[in-house]
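Let me begin by presenting the structure, written as structure tokens, before commenting on it.
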Amino acid sequence: MHTAFFVLLSASLARYLARHAEGPHTPGIVALSVLLAVLYVLGLAPGTRPGPRRLTWLGLVVAAWALLVVLAPSFVWCAVPLFYTGLRTLPPRTAIPLVALLTALAVAAQLSLAGWPDPNVLLAPPAVAAVATTVFVVMQRQSARRDALIDDLVRTRRDLAATERREGTLAERERLAREIHDTLAQGLSSQRMLLQAADRLWDTAPGTARDHVRTAAAIAERSLAEARRFVHDLTPADLAEGGGLLQALRAVAERETTPTLTVRVHAEGTPPDPLPAPVESALLRIAQGALANVLEHAAATTATLTLTCLDDQIVLDVTDDGRGFDPRTPTAPEAAVGESRGHGLPAIRARLRQLGGTLTVESAPGEGTALSAAIPLEPR
């Protein structure tokens, strides 16, 4: 429609110059045509939204065109693009009277050219204006209904996903409650009974009391194994709140920030929604383990968690300005911390290996440490 406006404006000006090149109004007509084109171009600038400025612009465009039509009726052909400009800019209650005014001006201009009340001139412009207005209004309403339907669908899907997450959380809680009752709670109850019995028999039957203590220790060992299995399978608490990986990392950073260490979080790109739960859990645990190393070994003042989301992988970088270390030496933090505590580099590598990821560590004495954990994702 914008192209049609400029084509019709150029054609009208060319027609006028071909017939009235030597006329007294020619310079004014040319100047008004250029002004109208410039005004129309200004309305095409990005960021031009409905508002007082937009209404002022439309008024200037219509006024310039109306003056052109009064001086040179051949410019009446630009009316149709202006119909759509008015309909796009104004609400229907205001746009339809504007279309009627433009149509009346077009009919008057055509009658002045014809020199007599031509029925075609009287009926054709109003018919074209009515059809154009009807088509635009109907399409606008259909578009509004479609947008509302899409919003409803998106909202419904979001609500459904939230409901499914809540149901899944409740089901998992019930499952864990049954598991804990059948394993840990029963084990603790048995230990309590055995230790109470051992206490009663300690003086009269020390052998039997020791047997009770040994049995309680065996039960405690099995219960500890069950507890470790629960801890391994459970989602981290920061992720269970439903805020996503980035929010969980911010919570960890806030928790690990101390008067001597400032932990920051930076994100590049948007994580896929939803991000696989094992990936979220692994990256959060890696961040916790890396920060534990920083707190215990690095003597750093600042640490940064950077989450970078690419099309085929997600990368977590943990950097600090601490004392650093030589990764090739056996005294590196991964050996000092140990895998049993869950914060060592071997534990981080093990998590990444399960998900097909890789770990890169760059450090040198006195130059801080940079740890980069990359996990591949399915192509989006």
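Following the order of the structure tokens, chains are lettered A, B, ..., residues in each are numbered from 1, and ligands are numbered from 1.
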
- Task: Mind the document's chain letters and residue numbers, and return as a PyMOL selection string the residues of range 180-362 of chain A that DSSP labels helix (DSSP H, G or I).
- Result: chain A and resi 180-201+206-233+237-240+244-256+277-298+333-337+339-341+345-354

- Message: Neighbouring residues of Leu36 in chain A were defined as those with any atom within 10 Å, considering only C-alpha atoms; residues of the same chain fewer than 3 positions away were excluded. Please report them as a ChimeraX atom specification.
- Response: /A:6,9,30-33,39-42,60-65,68

Next, write the just-selected residues to a file, as an mmCIF file, in the first residue's frame, keeping N, CA and C atoms as the atom set.
```
data_model
loop_
_atom_site.group_PDB
_atom_site.id
_atom_site.type_symbol
_atom_site.label_atom_id
_atom_site.label_comp_id
_atom_site.auth_asym_id
_atom_site.auth_seq_id
_atom_site.Cartn_x
_atom_site.Cartn_y
_atom_site.Cartn_z
ATOM 1 N N PHE A 6 3.059 6.006 -3.403
ATOM 2 C CA PHE A 6 4.093 6.751 -4.114
ATOM 3 C C PHE A 6 3.939 6.627 -5.630
ATOM 4 N N LEU A 9 1.037 8.944 -6.484
ATOM 5 C CA LEU A 9 1.457 10.338 -6.347
ATOM 6 C C LEU A 9 2.339 10.757 -7.516
ATOM 7 N N VAL A 30 4.159 21.177 -7.505
ATOM 8 C CA VAL A 30 5.374 20.365 -7.342
ATOM 9 C C VAL A 30 5.853 20.401 -5.891
ATOM 10 N N ALA A 31 5.866 21.603 -5.295
ATOM 11 C CA ALA A 31 6.315 21.715 -3.903
ATOM 12 C C ALA A 31 5.405 20.943 -2.967
ATOM 13 N N LEU A 32 4.079 21.036 -3.176
ATOM 14 C CA LEU A 32 3.147 20.297 -2.325
ATOM 15 C C LEU A 32 3.319 18.786 -2.490
ATOM 16 N N SER A 33 3.581 18.337 -3.721
ATOM 17 C CA SER A 33 3.797 16.901 -3.959
ATOM 18 C C SER A 33 5.033 16.400 -3.218
ATOM 19 N N LEU A 39 6.325 13.993 4.057
ATOM 20 C CA LEU A 39 5.498 13.722 5.229
ATOM 21 C C LEU A 39 5.149 12.241 5.325
ATOM 22 N N TYR A 40 4.825 11.625 4.193
ATOM 23 C CA TYR A 40 4.467 10.211 4.210
ATOM 24 C C TYR A 40 5.659 9.358 4.624
ATOM 25 N N VAL A 41 6.849 9.712 4.133
ATOM 26 C CA VAL A 41 8.055 8.962 4.493
ATOM 27 C C VAL A 41 8.327 9.075 5.994
ATOM 28 N N LEU A 42 8.093 10.256 6.571
ATOM 29 C CA LEU A 42 8.307 10.425 8.009
ATOM 30 C C LEU A 42 7.412 9.486 8.818
ATOM 31 N N LEU A 60 -1.498 16.313 8.972
ATOM 32 C CA LEU A 60 -0.699 17.042 7.985
ATOM 33 C C LEU A 60 -0.741 16.370 6.616
ATOM 34 N N VAL A 61 -0.679 15.027 6.601
ATOM 35 C CA VAL A 61 -0.732 14.299 5.322
ATOM 36 C C VAL A 61 -2.067 14.526 4.625
ATOM 37 N N VAL A 62 -3.164 14.412 5.377
ATOM 38 C CA VAL A 62 -4.489 14.595 4.780
ATOM 39 C C VAL A 62 -4.670 16.034 4.306
ATOM 40 N N ALA A 63 -4.178 16.987 5.101
ATOM 41 C CA ALA A 63 -4.314 18.385 4.707
ATOM 42 C C ALA A 63 -3.527 18.684 3.434
ATOM 43 N N ALA A 64 -2.296 18.164 3.350
ATOM 44 C CA ALA A 64 -1.490 18.386 2.139
ATOM 45 C C ALA A 64 -2.154 17.754 0.929
ATOM 46 N N TRP A 65 -2.673 16.547 1.094
ATOM 47 C CA TRP A 65 -3.347 15.895 -0.044
ATOM 48 C C TRP A 65 -4.624 16.637 -0.436
ATOM 49 N N LEU A 68 -3.762 19.599 -2.424
ATOM 50 C CA LEU A 68 -3.369 19.181 -3.779
ATOM 51 C C LEU A 68 -4.587 18.872 -4.633
#
```

- Could you state the separation of CA of Val70 in chain A and CA of Ala14 in chain A in Å, given to one decimal place?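 So the answer is 17.0 Å.
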
- Selected residue, from A:Leu184, A:Leu194, A:Ala171, A:Val76, that lies nearest to Ala225 in chain A when counting only C-alpha atoms: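 Result for the nearest residue to Ala225 in chain A: A:Leu184.
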
- Have a look at A:Ala290, A:Ala162, A:Glu367, A:Glu296 and name the one nearest to Arg349 in chain A; count only C-alpha atoms.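 Using only C-alpha atoms, the shortest distance to Arg349 in chain A belongs to A:Ala290.
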
- With a distance cut-off of 7 Å and only C-alpha atoms, select the neighbouring residues of range 313-315 of chain A, excluding the residue or stretch itself and same-chain residues fewer than 3 positions from it, and output the selection as a ChimeraX atom specification. /A:307-310,372-377

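Between CA of Ala216 in chain A and CA of Arg192 in chain A lies a distance of 8.0 Å.
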
- Item | Which of A:Arg145, A:Arg93, A:Arg255, A:Arg210 sits closest to Gln196 in chain A [using only C-alpha atoms] | A:Arg210

- For Pro52 in chain A: contacts at 12 Å, only C-alpha atoms, fewer than 5 positions along chain excluded, given as a PyMOL selection string: chain A and resi 57-59+89-90

- Contacts of range 18-29 of chain A at 10 Å or less, counting only C-alpha atoms, minus same-chain residues fewer than 5 places along, as a list in words?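 Selected residues are Ser12, Leu13, Val34, Leu35, Leu67, Leu68, Val69, Leu71 and Ala72 of chain A.
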
- For Leu195 in chain A, which residue among A:Thr208, A:Thr163, A:Thr183, A:Thr302 is the nearest when counting only C-alpha atoms?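 The closest residue to Leu195 in chain A is A:Thr208.
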